[in-house]
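Containing TSV, C-alpha atoms and all ligand atoms: model-v4.tsv.
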```
chain	number	residue	atom	x	y	z
A	1	MET	CA	-15.12	2.57	16.91
A	2	ALA	CA	-17.09	3.24	13.80
A	3	LYS	CA	-17.71	1.85	10.35
A	4	VAL	CA	-17.84	4.66	7.82
A	5	GLU	CA	-19.20	4.77	4.27
A	6	VAL	CA	-18.69	7.81	2.06
A	7	LYS	CA	-20.99	7.56	-0.95
A	8	ALA	CA	-20.69	9.58	-4.18
A	9	LEU	CA	-19.98	12.95	-2.54
A	10	THR	CA	-20.06	16.00	-4.77
A	11	LYS	CA	-19.20	19.57	-3.87
A	12	ARG	CA	-18.85	22.72	-5.99
A	13	TYR	CA	-17.47	26.09	-5.00
A	14	SER	CA	-19.20	28.35	-7.56
A	15	ASP	CA	-17.58	27.14	-10.82
A	16	VAL	CA	-14.95	24.86	-9.22
A	17	VAL	CA	-15.91	21.18	-8.95
A	18	ALA	CA	-14.03	20.20	-5.78
A	19	LEU	CA	-15.60	16.74	-5.36
A	20	ASP	CA	-16.94	14.82	-8.33
A	21	GLY	CA	-18.34	11.62	-6.82
A	22	VAL	CA	-16.00	10.55	-4.00
A	23	SER	CA	-16.74	7.09	-2.58
A	24	LEU	CA	-14.70	5.19	0.00
A	25	HIS	CA	-15.23	3.31	3.22
A	26	ALA	CA	-13.55	2.41	6.49
A	27	GLU	CA	-14.11	-0.71	8.54
A	28	SER	CA	-14.14	-0.19	12.27
A	29	GLY	CA	-10.61	0.47	13.54
A	30	GLU	CA	-9.06	1.16	10.13
A	31	LEU	CA	-6.88	4.13	9.21
A	32	ILE	CA	-7.68	5.42	5.73
A	33	SER	CA	-5.41	7.94	3.99
A	34	LEU	CA	-6.57	10.43	1.39
A	35	LEU	CA	-3.53	10.93	-0.85
A	36	GLY	CA	-3.13	13.22	-3.84
A	37	PRO	CA	-1.67	16.47	-5.19
A	38	SER	CA	-2.71	19.95	-4.10
A	39	GLY	CA	-6.29	20.82	-5.03
A	40	CYS	CA	-7.52	17.25	-5.65
A	41	GLY	CA	-10.21	17.48	-2.93
A	42	LYS	CA	-8.63	15.85	0.14
A	43	SER	CA	-9.48	18.60	2.63
A	44	THR	CA	-12.93	19.10	1.12
A	45	THR	CA	-13.68	15.41	1.70
A	46	LEU	CA	-12.40	15.62	5.28
A	47	ARG	CA	-14.40	18.79	5.96
A	48	CYS	CA	-17.55	17.03	4.78
A	49	LEU	CA	-16.75	14.18	7.20
A	50	ALA	CA	-16.16	16.66	10.04
A	51	GLY	CA	-19.37	18.52	9.27
A	52	PHE	CA	-17.68	21.88	8.55
A	53	LEU	CA	-19.03	21.65	4.97
A	54	SER	CA	-22.20	20.14	3.52
A	55	PRO	CA	-21.83	18.10	0.34
A	56	ASP	CA	-24.08	19.08	-2.59
A	57	SER	CA	-25.05	15.45	-3.06
A	58	GLY	CA	-24.04	12.02	-1.80
A	59	ASP	CA	-24.16	10.61	1.69
A	60	ILE	CA	-21.95	9.73	4.67
A	61	ASN	CA	-22.99	6.83	6.89
A	62	VAL	CA	-21.45	6.05	10.27
A	63	ASP	CA	-22.48	2.66	11.65
A	64	GLY	CA	-25.30	2.59	9.13
A	65	GLN	CA	-26.75	6.01	9.99
A	66	SER	CA	-26.54	9.05	7.73
A	67	ILE	CA	-24.75	11.93	9.46
A	68	VAL	CA	-24.88	14.63	6.77
A	69	ALA	CA	-27.67	16.49	8.60
A	70	THR	CA	-25.92	16.22	12.02
A	71	PRO	CA	-24.12	19.44	13.05
A	72	SER	CA	-20.37	19.09	13.50
A	73	ASN	CA	-20.46	19.60	17.29
A	74	ARG	CA	-22.89	16.68	17.66
A	75	ARG	CA	-20.82	14.20	15.62
A	76	ASP	CA	-18.33	13.37	18.40
A	77	PHE	CA	-15.38	13.35	16.03
A	78	GLY	CA	-11.82	14.37	16.97
A	79	VAL	CA	-10.23	16.73	14.45
A	80	VAL	CA	-6.56	17.70	14.02
A	81	PHE	CA	-5.47	20.24	11.41
A	82	GLN	CA	-2.13	21.35	10.04
A	83	ASN	CA	-2.30	24.72	11.82
A	84	TYR	CA	-3.16	23.29	15.18
A	85	ALA	CA	-3.88	26.65	16.86
A	86	LEU	CA	-3.36	25.97	20.54
A	87	PHE	CA	-4.63	28.69	22.90
A	88	PRO	CA	-1.40	30.53	23.83
A	89	HIS	CA	-2.57	31.69	27.28
A	90	MET	CA	-3.74	28.24	28.39
A	91	THR	CA	-1.53	25.48	29.77
A	92	VAL	CA	-1.15	22.16	28.00
A	93	ALA	CA	-3.74	20.57	30.34
A	94	GLU	CA	-6.20	23.44	29.77
A	95	ASN	CA	-5.75	23.20	26.01
A	96	VAL	CA	-6.35	19.46	26.08
A	97	GLY	CA	-9.34	19.80	28.42
A	98	TYR	CA	-10.98	22.53	26.34
A	99	GLY	CA	-13.08	20.09	24.32
A	100	LEU	CA	-14.48	18.56	27.51
A	101	LEU	CA	-16.03	21.87	28.66
A	102	PHE	CA	-18.77	21.58	26.05
A	103	ARG	CA	-19.73	18.02	26.87
A	104	LYS	CA	-21.84	16.53	29.57
A	105	ILE	CA	-18.91	15.15	31.51
A	106	PRO	CA	-18.76	15.89	35.27
A	107	LYS	CA	-15.90	18.25	36.14
A	108	SER	CA	-14.33	15.61	38.41
A	109	GLY	CA	-13.89	13.37	35.37
A	110	HIS	CA	-11.85	15.90	33.39
A	111	ARG	CA	-8.44	15.52	34.98
A	112	PRO	CA	-8.20	11.73	34.65
A	113	ARG	CA	-9.18	12.02	30.98
A	114	ILE	CA	-6.65	14.80	30.34
A	115	ASP	CA	-3.91	12.79	32.05
A	116	SER	CA	-4.79	9.70	30.05
A	117	ALA	CA	-4.71	11.65	26.74
A	118	LEU	CA	-1.34	13.20	27.66
A	119	ARG	CA	0.00	9.75	28.55
A	120	MET	CA	-1.08	8.43	25.13
A	121	VAL	CA	0.90	11.12	23.32
A	122	ARG	CA	3.80	10.86	25.81
A	123	LEU	CA	3.51	14.37	27.26
A	124	THR	CA	3.07	13.41	30.91
A	125	GLY	CA	4.98	15.95	33.00
A	126	LEU	CA	4.36	18.88	30.63
A	127	ALA	CA	0.73	19.47	31.67
A	128	ASP	CA	1.41	22.87	33.28
A	129	ARG	CA	3.55	24.37	30.51
A	130	LEU	CA	2.35	27.04	28.12
A	131	PRO	CA	2.43	26.19	24.37
A	132	LYS	CA	5.28	28.67	23.73
A	133	ALA	CA	7.51	26.55	25.97
A	134	LEU	CA	7.04	23.48	23.77
A	135	SER	CA	8.78	22.26	20.61
A	136	GLY	CA	6.82	21.96	17.35
A	137	GLY	CA	6.47	18.20	17.76
A	138	GLN	CA	5.26	18.59	21.34
A	139	GLN	CA	2.70	21.21	20.27
A	140	GLN	CA	1.42	18.88	17.58
A	141	ARG	CA	1.09	16.12	20.18
A	142	VAL	CA	-0.98	18.49	22.37
A	143	ALA	CA	-3.29	19.03	19.38
A	144	LEU	CA	-3.57	15.27	19.01
A	145	ALA	CA	-4.30	14.84	22.75
A	146	ARG	CA	-6.99	17.50	22.46
A	147	ALA	CA	-8.69	15.46	19.76
A	148	LEU	CA	-8.29	12.19	21.68
A	149	VAL	CA	-9.54	13.45	25.06
A	150	ILE	CA	-13.18	13.34	23.98
A	151	GLU	CA	-12.74	9.65	23.05
A	152	PRO	CA	-14.05	10.35	19.55
A	153	ARG	CA	-15.94	7.85	17.39
A	154	LEU	CA	-13.82	8.98	14.49
A	155	LEU	CA	-10.44	10.73	14.26
A	156	LEU	CA	-9.92	13.15	11.35
A	157	LEU	CA	-6.43	14.42	10.58
A	158	ASP	CA	-5.62	16.96	7.83
A	159	GLU	CA	-1.87	17.10	7.11
A	160	PRO	CA	-1.15	17.03	10.86
A	161	LEU	CA	2.61	16.77	10.36
A	162	ALA	CA	3.12	19.41	7.67
A	163	ASN	CA	4.75	21.91	10.06
A	164	LEU	CA	7.31	19.45	11.39
A	165	ASP	CA	10.81	18.63	10.11
A	166	ALA	CA	11.45	15.20	8.59
A	167	ARG	CA	12.66	13.54	11.78
A	168	LEU	CA	9.79	14.76	13.95
A	169	ARG	CA	7.34	13.87	11.21
A	170	ASP	CA	8.52	10.30	11.37
A	171	GLU	CA	8.25	10.18	15.15
A	172	VAL	CA	4.76	11.75	15.42
A	173	ARG	CA	3.52	9.66	12.48
A	174	TRP	CA	4.37	6.42	14.35
A	175	LEU	CA	2.79	7.80	17.48
A	176	ILE	CA	-0.46	8.58	15.65
A	177	ARG	CA	-0.55	5.05	14.23
A	178	GLU	CA	0.22	3.50	17.62
A	179	VAL	CA	-2.46	5.50	19.45
A	180	GLN	CA	-5.00	4.83	16.70
A	181	GLN	CA	-4.33	1.08	16.76
A	182	GLN	CA	-4.27	0.80	20.55
A	183	SER	CA	-7.56	2.64	20.93
A	184	GLY	CA	-9.12	0.85	17.94
A	185	MET	CA	-10.35	4.20	16.62
A	186	THR	CA	-11.34	4.61	12.98
A	187	ALA	CA	-9.35	7.42	11.37
A	188	PHE	CA	-9.07	9.41	8.14
A	189	TYR	CA	-5.71	10.96	7.39
A	190	VAL	CA	-5.05	13.56	4.68
A	191	THR	CA	-1.57	13.84	3.21
A	192	HIS	CA	0.18	14.56	-0.08
A	193	ASP	CA	3.21	12.52	1.04
A	194	GLN	CA	3.01	9.03	-0.47
A	195	ALA	CA	5.58	7.51	1.91
A	196	GLU	CA	3.61	8.78	4.90
A	197	ALA	CA	0.32	7.42	3.51
A	198	MET	CA	1.83	4.03	2.74
A	199	ALA	CA	3.55	3.73	6.11
A	200	ILE	CA	0.57	4.22	8.36
A	201	SER	CA	-2.57	3.25	6.43
A	202	ASP	CA	-4.72	0.18	6.18
A	203	LYS	CA	-6.05	1.55	2.90
A	204	VAL	CA	-5.21	4.54	0.73
A	205	ALA	CA	-7.59	6.54	-1.48
A	206	VAL	CA	-5.45	8.04	-4.26
A	207	MET	CA	-7.37	11.13	-5.37
A	208	LYS	CA	-7.32	12.87	-8.76
A	209	SER	CA	-9.35	16.01	-9.58
A	210	GLY	CA	-12.19	15.40	-7.11
A	211	ARG	CA	-12.39	11.66	-7.68
A	212	VAL	CA	-10.87	8.53	-6.18
A	213	ALA	CA	-8.54	7.03	-8.79
A	214	GLN	CA	-7.85	3.93	-6.67
A	215	PHE	CA	-8.88	2.79	-3.20
A	216	ALA	CA	-6.80	-0.14	-1.97
A	217	THR	CA	-4.05	-1.29	0.41
A	218	PRO	CA	-0.61	0.40	0.28
A	219	ARG	CA	0.82	-2.72	-1.36
A	220	GLU	CA	-1.85	-2.78	-4.07
A	221	ILE	CA	-1.62	0.89	-5.00
A	222	TYR	CA	2.18	0.51	-5.29
A	223	GLN	CA	2.46	-2.90	-6.95
A	224	ARG	CA	-0.85	-3.09	-8.84
A	225	PRO	CA	-1.88	0.49	-9.63
A	226	SER	CA	-5.10	0.98	-11.59
A	227	GLU	CA	-3.52	3.56	-13.89
A	228	ARG	CA	-0.31	5.42	-14.64
A	229	TYR	CA	-1.37	8.40	-12.52
A	230	VAL	CA	-1.49	6.17	-9.41
A	231	ALA	CA	1.80	4.47	-10.27
A	232	ASP	CA	3.49	7.86	-10.68
A	233	PHE	CA	2.09	9.30	-7.48
A	234	THR	CA	3.02	6.32	-5.28
A	235	GLY	CA	6.75	6.17	-6.06
A	236	GLU	CA	9.54	6.10	-8.63
A	237	ALA	CA	8.43	4.33	-11.77
A	238	ASN	CA	9.55	3.33	-15.27
A	239	PHE	CA	6.95	2.90	-18.01
A	240	LEU	CA	7.72	1.06	-21.23
A	241	ALA	CA	5.38	1.07	-24.22
A	242	ALA	CA	4.00	-2.43	-24.72
A	243	LYS	CA	1.65	-4.29	-27.06
A	244	VAL	CA	-0.55	-7.11	-25.80
A	245	VAL	CA	-0.12	-10.13	-28.10
A	246	ASP	CA	-2.08	-12.67	-26.11
A	247	GLY	CA	-3.80	-13.32	-22.80
A	248	SER	CA	-6.76	-12.29	-20.67
A	249	SER	CA	-7.96	-12.12	-17.02
A	250	GLY	CA	-4.80	-10.41	-15.81
A	251	ALA	CA	-2.14	-12.68	-17.41
A	252	PHE	CA	-0.65	-11.46	-20.67
A	253	ARG	CA	2.07	-11.98	-23.25
A	254	VAL	CA	3.42	-8.63	-24.40
A	255	GLU	CA	6.00	-7.19	-26.76
A	256	VAL	CA	8.25	-4.60	-25.14
A	257	SER	CA	11.38	-3.06	-26.69
A	258	GLY	CA	11.77	-6.00	-29.04
A	259	ARG	CA	11.25	-8.63	-26.31
A	260	THR	CA	8.32	-10.97	-25.67
A	261	LEU	CA	7.49	-11.19	-21.96
A	262	ASP	CA	4.82	-12.84	-19.79
A	263	VAL	CA	3.48	-10.42	-17.20
A	264	ARG	CA	0.42	-9.74	-15.05
A	265	GLY	CA	-1.71	-6.63	-15.29
A	266	ILE	CA	-5.11	-4.96	-15.38
A	267	ALA	CA	-7.75	-7.61	-16.16
A	268	SER	CA	-9.67	-5.57	-18.76
A	269	LEU	CA	-6.70	-5.51	-21.20
A	270	LYS	CA	-6.93	-7.78	-24.25
A	271	ALA	CA	-4.90	-8.95	-27.24
A	272	GLY	CA	-4.16	-6.11	-29.64
A	273	ASP	CA	-4.29	-3.38	-26.97
A	274	ARG	CA	-1.53	-0.85	-26.59
A	275	ALA	CA	-0.38	-0.77	-22.98
A	276	GLU	CA	2.33	0.43	-20.63
A	277	LEU	CA	4.54	-1.83	-18.57
A	278	LEU	CA	5.35	-0.53	-15.07
A	279	LEU	CA	8.79	-1.49	-13.77
A	280	ARG	CA	9.66	-0.16	-10.32
A	281	PRO	CA	13.39	0.74	-9.98
A	282	GLU	CA	13.96	-1.92	-7.29
A	283	SER	CA	12.59	-4.70	-9.50
A	284	LEU	CA	15.47	-4.14	-11.96
A	285	GLY	CA	19.02	-5.41	-11.52
A	286	LEU	CA	22.37	-4.78	-13.19
A	287	VAL	CA	24.03	-7.74	-14.88
A	288	ALA	CA	26.83	-8.14	-17.42
A	289	ASP	CA	25.66	-6.93	-20.84
A	290	ASP	CA	26.62	-10.23	-22.49
A	291	GLU	CA	24.55	-12.36	-20.14
A	292	PRO	CA	21.42	-13.50	-21.96
A	293	PRO	CA	18.82	-14.60	-20.99
A	294	THR	CA	19.15	-12.74	-17.64
A	295	ALA	CA	19.86	-9.44	-19.37
A	296	LEU	CA	16.45	-8.58	-20.84
A	297	PHE	CA	17.60	-5.12	-21.85
A	298	ARG	CA	20.95	-3.54	-22.63
A	299	GLY	CA	22.16	-0.02	-22.34
A	300	THR	CA	24.69	2.49	-21.05
A	301	VAL	CA	24.79	4.01	-17.57
A	302	SER	CA	24.06	7.73	-17.94
A	303	LYS	CA	23.65	8.81	-14.30
A	304	ALA	CA	24.59	7.34	-10.92
A	305	ALA	CA	24.04	8.54	-7.36
A	306	PHE	CA	25.17	6.91	-4.11
A	307	LEU	CA	22.43	7.34	-1.49
A	308	GLY	CA	23.84	5.28	1.37
A	309	ALA	CA	21.33	2.45	1.66
A	310	SER	CA	21.12	2.10	-2.12
A	311	GLN	CA	22.42	3.53	-5.38
A	312	HIS	CA	20.19	5.05	-8.01
A	313	CYS	CA	21.20	5.00	-11.62
A	314	GLU	CA	19.77	5.67	-15.04
A	315	VAL	CA	20.49	3.52	-18.05
A	316	ALA	CA	19.96	4.72	-21.62
A	317	LEU	CA	18.59	1.67	-23.47
A	318	ALA	CA	20.13	0.52	-26.77
A	319	THR	CA	16.58	0.34	-28.19
A	320	GLY	CA	15.78	3.90	-27.09
A	321	GLY	CA	14.26	5.13	-23.83
A	322	MET	CA	15.69	5.14	-20.34
A	323	LEU	CA	15.30	3.06	-17.17
A	324	LYS	CA	15.80	4.15	-13.55
A	325	LEU	CA	17.26	1.50	-11.24
A	326	ALA	CA	17.79	1.18	-7.51
A	327	VAL	CA	20.66	-1.22	-6.84
A	328	PRO	CA	22.57	-2.35	-3.70
A	329	PRO	CA	25.09	0.22	-2.40
A	330	ASN	CA	28.17	-1.86	-3.13
A	331	THR	CA	27.45	-2.68	-6.77
A	332	PHE	CA	30.15	-1.13	-8.96
A	333	ILE	CA	28.68	1.48	-11.33
A	334	SER	CA	30.42	4.00	-13.55
A	335	ILE	CA	29.05	6.46	-16.07
A	336	GLY	CA	29.38	5.16	-19.63
A	337	GLN	CA	29.51	1.53	-18.52
A	338	HIS	CA	27.72	-0.95	-20.83
A	339	VAL	CA	25.30	-2.99	-18.76
A	340	GLY	CA	22.57	-5.58	-19.01
A	341	ILE	CA	19.36	-5.19	-17.04
A	342	SER	CA	17.54	-8.08	-15.41
A	343	VAL	CA	13.85	-7.76	-14.59
A	344	ASP	CA	11.90	-9.40	-11.78
A	345	LEU	CA	8.86	-10.12	-13.94
A	346	ASP	CA	6.74	-11.12	-10.92
A	347	HIS	CA	6.82	-7.44	-10.02
A	348	ALA	CA	6.17	-5.95	-13.43
A	349	TRP	CA	2.62	-4.64	-13.98
A	350	LEU	CA	0.76	-3.96	-17.21
A	351	MET	CA	-1.63	-1.01	-17.42
A	352	PRO	CA	-3.71	0.57	-20.19
A	353	GLU	CA	-1.90	3.13	-22.32
A	354	VAL	CA	-2.62	6.72	-21.31
A	355	LYS	CA	-4.62	8.39	-24.07
A	356	PRO	CA	-3.36	11.91	-24.78
B	1	LIG	N1	-13.63	27.99	-0.04
B	1	LIG	C1	-13.35	27.71	-1.31
B	1	LIG	N2	-13.78	28.48	-2.33
B	1	LIG	C2	-13.53	28.18	-3.62
B	1	LIG	N3	-12.80	27.12	-4.01
B	1	LIG	C3	-12.31	26.30	-3.05
B	1	LIG	C4	-12.56	26.55	-1.66
B	1	LIG	N4	-11.95	25.57	-0.94
B	1	LIG	C5	-11.35	24.76	-1.84
B	1	LIG	N5	-11.57	25.18	-3.10
B	1	LIG	C6	-11.11	24.52	-4.34
B	1	LIG	O1	-11.57	23.19	-4.33
B	1	LIG	C7	-10.58	22.29	-4.83
B	1	LIG	C8	-10.27	21.24	-3.78
B	1	LIG	O2	-9.68	21.87	-2.65
B	1	LIG	P1	-9.14	21.07	-1.38
B	1	LIG	O3	-8.84	22.07	-0.33
B	1	LIG	O4	-10.09	19.99	-1.04
B	1	LIG	O5	-7.80	20.43	-1.95
B	1	LIG	P2	-6.66	19.58	-1.21
B	1	LIG	O6	-6.57	18.27	-1.93
B	1	LIG	O7	-6.90	19.55	0.25
B	1	LIG	O8	-5.34	20.42	-1.57
B	1	LIG	P3	-4.04	20.80	-0.65
B	1	LIG	O9	-3.13	19.60	-0.74
B	1	LIG	O10	-3.48	21.98	-1.36
B	1	LIG	O11	-4.52	21.10	0.73
B	1	LIG	C9	-9.40	23.17	-5.22
B	1	LIG	O12	-9.49	23.41	-6.59
B	1	LIG	C10	-9.60	24.42	-4.41
B	1	LIG	O13	-9.04	25.53	-5.06
B	2	MG	MG	-5.87	20.38	1.91
```
I'd like the structure from this file rewritten - as structure tokens, please.
Amino acid sequence: MAKVEVKALTKRYSDVVALDGVSLHAESGELISLLGPSGCGKSTTLRCLAGFLSPDSGDINVDGQSIVATPSNRRDFGVVFQNYALFPHMTVAENVGYGLLFRKIPKSGHRPRIDSALRMVRLTGLADRLPKALSGGQQQRVALARALVIEPRLLLLDEPLANLDARLRDEVRWLIREVQQQSGMTAFYVTHDQAEAMAISDKVAVMKSGRVAQFATPREIYQRPSERYVADFTGEANFLAAKVVDGSSGAFRVEVSGRTLDVRGIASLKAGDRAELLLRPESLGLVADDEPPTALFRGTVSKAAFLGASQHCEVALATGGMLKLAVPPNTFISIGQHVGISVDLDHAWLMPEVKP
């Protein structure tokens, strides 16, 4: 259990600025995801936490103490990477117990700890197998057990599921969350998969070019993103150009596609500002096109796809532009159909316009 504060980390690799002032924190027992596209600095941040890299400036505190000068093998952190590199000639139990060999733990205490770690990741019974006789998901669970066996103060995971197929990813993801919550361990989890980050995290740091664009709960980053970049990265999104006509402190009246709407949004916006209105596909509904005032917008269906649990469609608006919708699977949709679009305004969100 550990409270962690990462303060204004910077790191350069010759002329590449990998970290440009990364700050975030974890309360004891929280799982924090670092989410963002390739090259945004997720692994660099995690390596600084693990002690495999030294930041150029900034600090990392664990339970109030700076750890940046502590060598990685004295930090007592469990680390799991994407390429989990089990020792091929060692059994599962030997692989898991490897980390114990370098600690002051009496030999007689090893086996109970190994068994307990294997139980946590549900591999009891496979202790004597060699890695080559395990599936990918089982191998990844051995890597997780190897990190857990030392009862780390902090668990660090860098894309631990990247080698697994979608189904296994789902299964091991839930297992990681379950083990982390049961043991009350603080954890940092690197991923570029927004669904994965949202599903298992207490908070998500959405990273952009070596900085944290937003650090908040999964619900906040999805429903109240700080900027368009975050909205785009956390799921399907529609953005409509808007003009603020009135309002302050997060409640605004705006003009959008010839309509005047009352919406919530980023508090710093003010009357006269140009802005963008975020409408998630599931906050839009299809209604008859002659059904004012429910039909806020009108248009023509240009694309439709049946996905089982829902249908996705695109509507070309009469006023120009296009909206993506997610509607219930049994709603009738056909290409070319004239439709009205209703909007759940409680779930619309106004953000500053992106400057080119
Ligand atoms: N050893 C290195 N030498 C030079 N540049 C590096 C080195 N390691 C990383 N970088 C650069 O630093 C930046 C951040 O890299 P980092 O590995 O942290 O990204 P990431 O967010 O983990 O990306 P990915 O999702 O691809 O793993 C990138 O521009 C990368 O090219
Ligand atoms: Mg990486």
Task: For Asp273 (chain A): contacts at 10 Å, all atoms listed in the file, fewer than 5 positions along chain excluded, given as a PyMOL selection string - done: chain A and resi 242-246+254+352-353
Interface rows for region 145-242 of chain A against region 325-347 of chain A: nearest pair, Å to one decimal, 10 Å, all atoms listed in the file, as a tab-separated table:
```
residue	atom	partner	partner_atom	distance
A:Gln223	CA	A:His347	CA	7.0
A:Arg224	CA	A:His347	CA	8.9
A:Glu236	CA	A:Leu325	CA	9.4
A:Ala237	CA	A:Leu325	CA	9.3
A:Asn238	CA	A:Leu325	CA	8.9
```
- [ ] For Leu278 (chain A), list every protein, DNA or RNA residue within 10 Å, evaluated using only C-alpha atoms, and leave out those in the same chain fewer than 2 positions away; present the list as a PyMOL selection string.
- [x] chain A and resi 223-225+227-228+231-232+237-242+265+275-276+280-281+347-351
TODO: Enumerate residues in contact with ligand LIG 1 (chain B): an atom-to-atom distance of at most 10 Å, counting only C-alpha atoms and all ligand atoms. Format the result as number ranges by chain.
DONE: A: 11-19, 34-48, 53, 82, 158-159, 190-193, 207-210
Open item on the list: Env of region 106-109 of chain A: 12 Å cut, atoms = all atoms listed in the file, seq-sep filter 6 positions within chain, self excluded. Answer as a list in words.
Closed with: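 My list of contacting residues is Gly97, Tyr98, Leu100, Asp115, Ser116, Val149 and Ile150 of chain A.
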- [ ] For CA of Val263 (chain A) and CA of Pro293 (chain A), determine how far apart the two atoms are, in Å to one decimal place.
- [x]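 Result for CA of Val263 (chain A) versus CA of Pro293 (chain A): 16.3 Å, one decimal.
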Task: CA of Val121 (chain A) to CA of Val179 (chain A), straight-line distance in Å - done: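 Between these atoms lies a distance of 7.6 Å.
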Task: Atomic separation - CA of Ala162 (chain A) relative to CA of Ala199 (chain A), Å - done: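 Answer for the CA of Ala199 (chain A) to CA of Ala162 (chain A) separation: 15.8 Å.
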Centre and edge lengths, as JSON, for the axis-aligned box enclosing every listed atom of region 45-51 of chain A with 6 Å of padding on each of the six sides, in Å to one decimal?
```
{"center_x": -15.9, "center_y": 16.5, "center_z": 5.9, "size_x": 19.0, "size_y": 16.6, "size_z": 20.3}
```
Open item on the list: Using all atoms listed in the file, which protein or nucleic acid residues come within 12 Å of Arg146 (chain A)? Drop anything in the same chain fewer than 4 positions from it, and give the result as a count of residues only.
Closed with: 36
Task: Selected residue, from A:Gln65, A:Gln138, A:Thr186, A:Ser226, that lies nearest to Arg122 (chain A) when counting all atoms listed in the file - done: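 Using all atoms listed in the file, the shortest distance to Arg122 (chain A) belongs to A:Gln138.
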TODO: Kindly indicate which residue among A:Leu157, A:Ala288, A:Ala216, A:Ala195 lies nearest to ligand MG 2 (chain B), using only C-alpha atoms and all ligand atoms for the distances.
DONE: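 Closest to ligand MG 2 (chain B), using only C-alpha atoms and all ligand atoms: A:Leu157.
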TODO: Rank A:His25, A:Phe252, A:Arg74, A:His89 by their smallest atom-to-atom distance to Val62 (chain A), using only C-alpha atoms, and report the top residue only.
DONE: A:His25
Quick one: residues within 7 Å of Phe215 (chain A), all atoms listed in the file, excluding same-chain residues fewer than 4 positions away - as an mmCIF file with C-alpha atoms, in the frame of the given file?
```
data_model
loop_
_atom_site.group_PDB
_atom_site.id
_atom_site.type_symbol
_atom_site.label_atom_id
_atom_site.label_comp_id
_atom_site.auth_asym_id
_atom_site.auth_seq_id
_atom_site.Cartn_x
_atom_site.Cartn_y
_atom_site.Cartn_z
ATOM 1 C CA LYS A 203 -6.050 1.550 2.900
ATOM 2 C CA VAL A 204 -5.210 4.540 0.730
ATOM 3 C CA ALA A 205 -7.590 6.540 -1.480
ATOM 4 C CA VAL A 206 -5.450 8.040 -4.260
#
```
Open item on the list: So, with only C-alpha atoms and all ligand atoms as the atoms that count, which of A:Ser23, A:Tyr189, A:Arg177, A:Asp56 lies closest to ligand MG 2 (chain B)?
Closed with: A:Tyr189
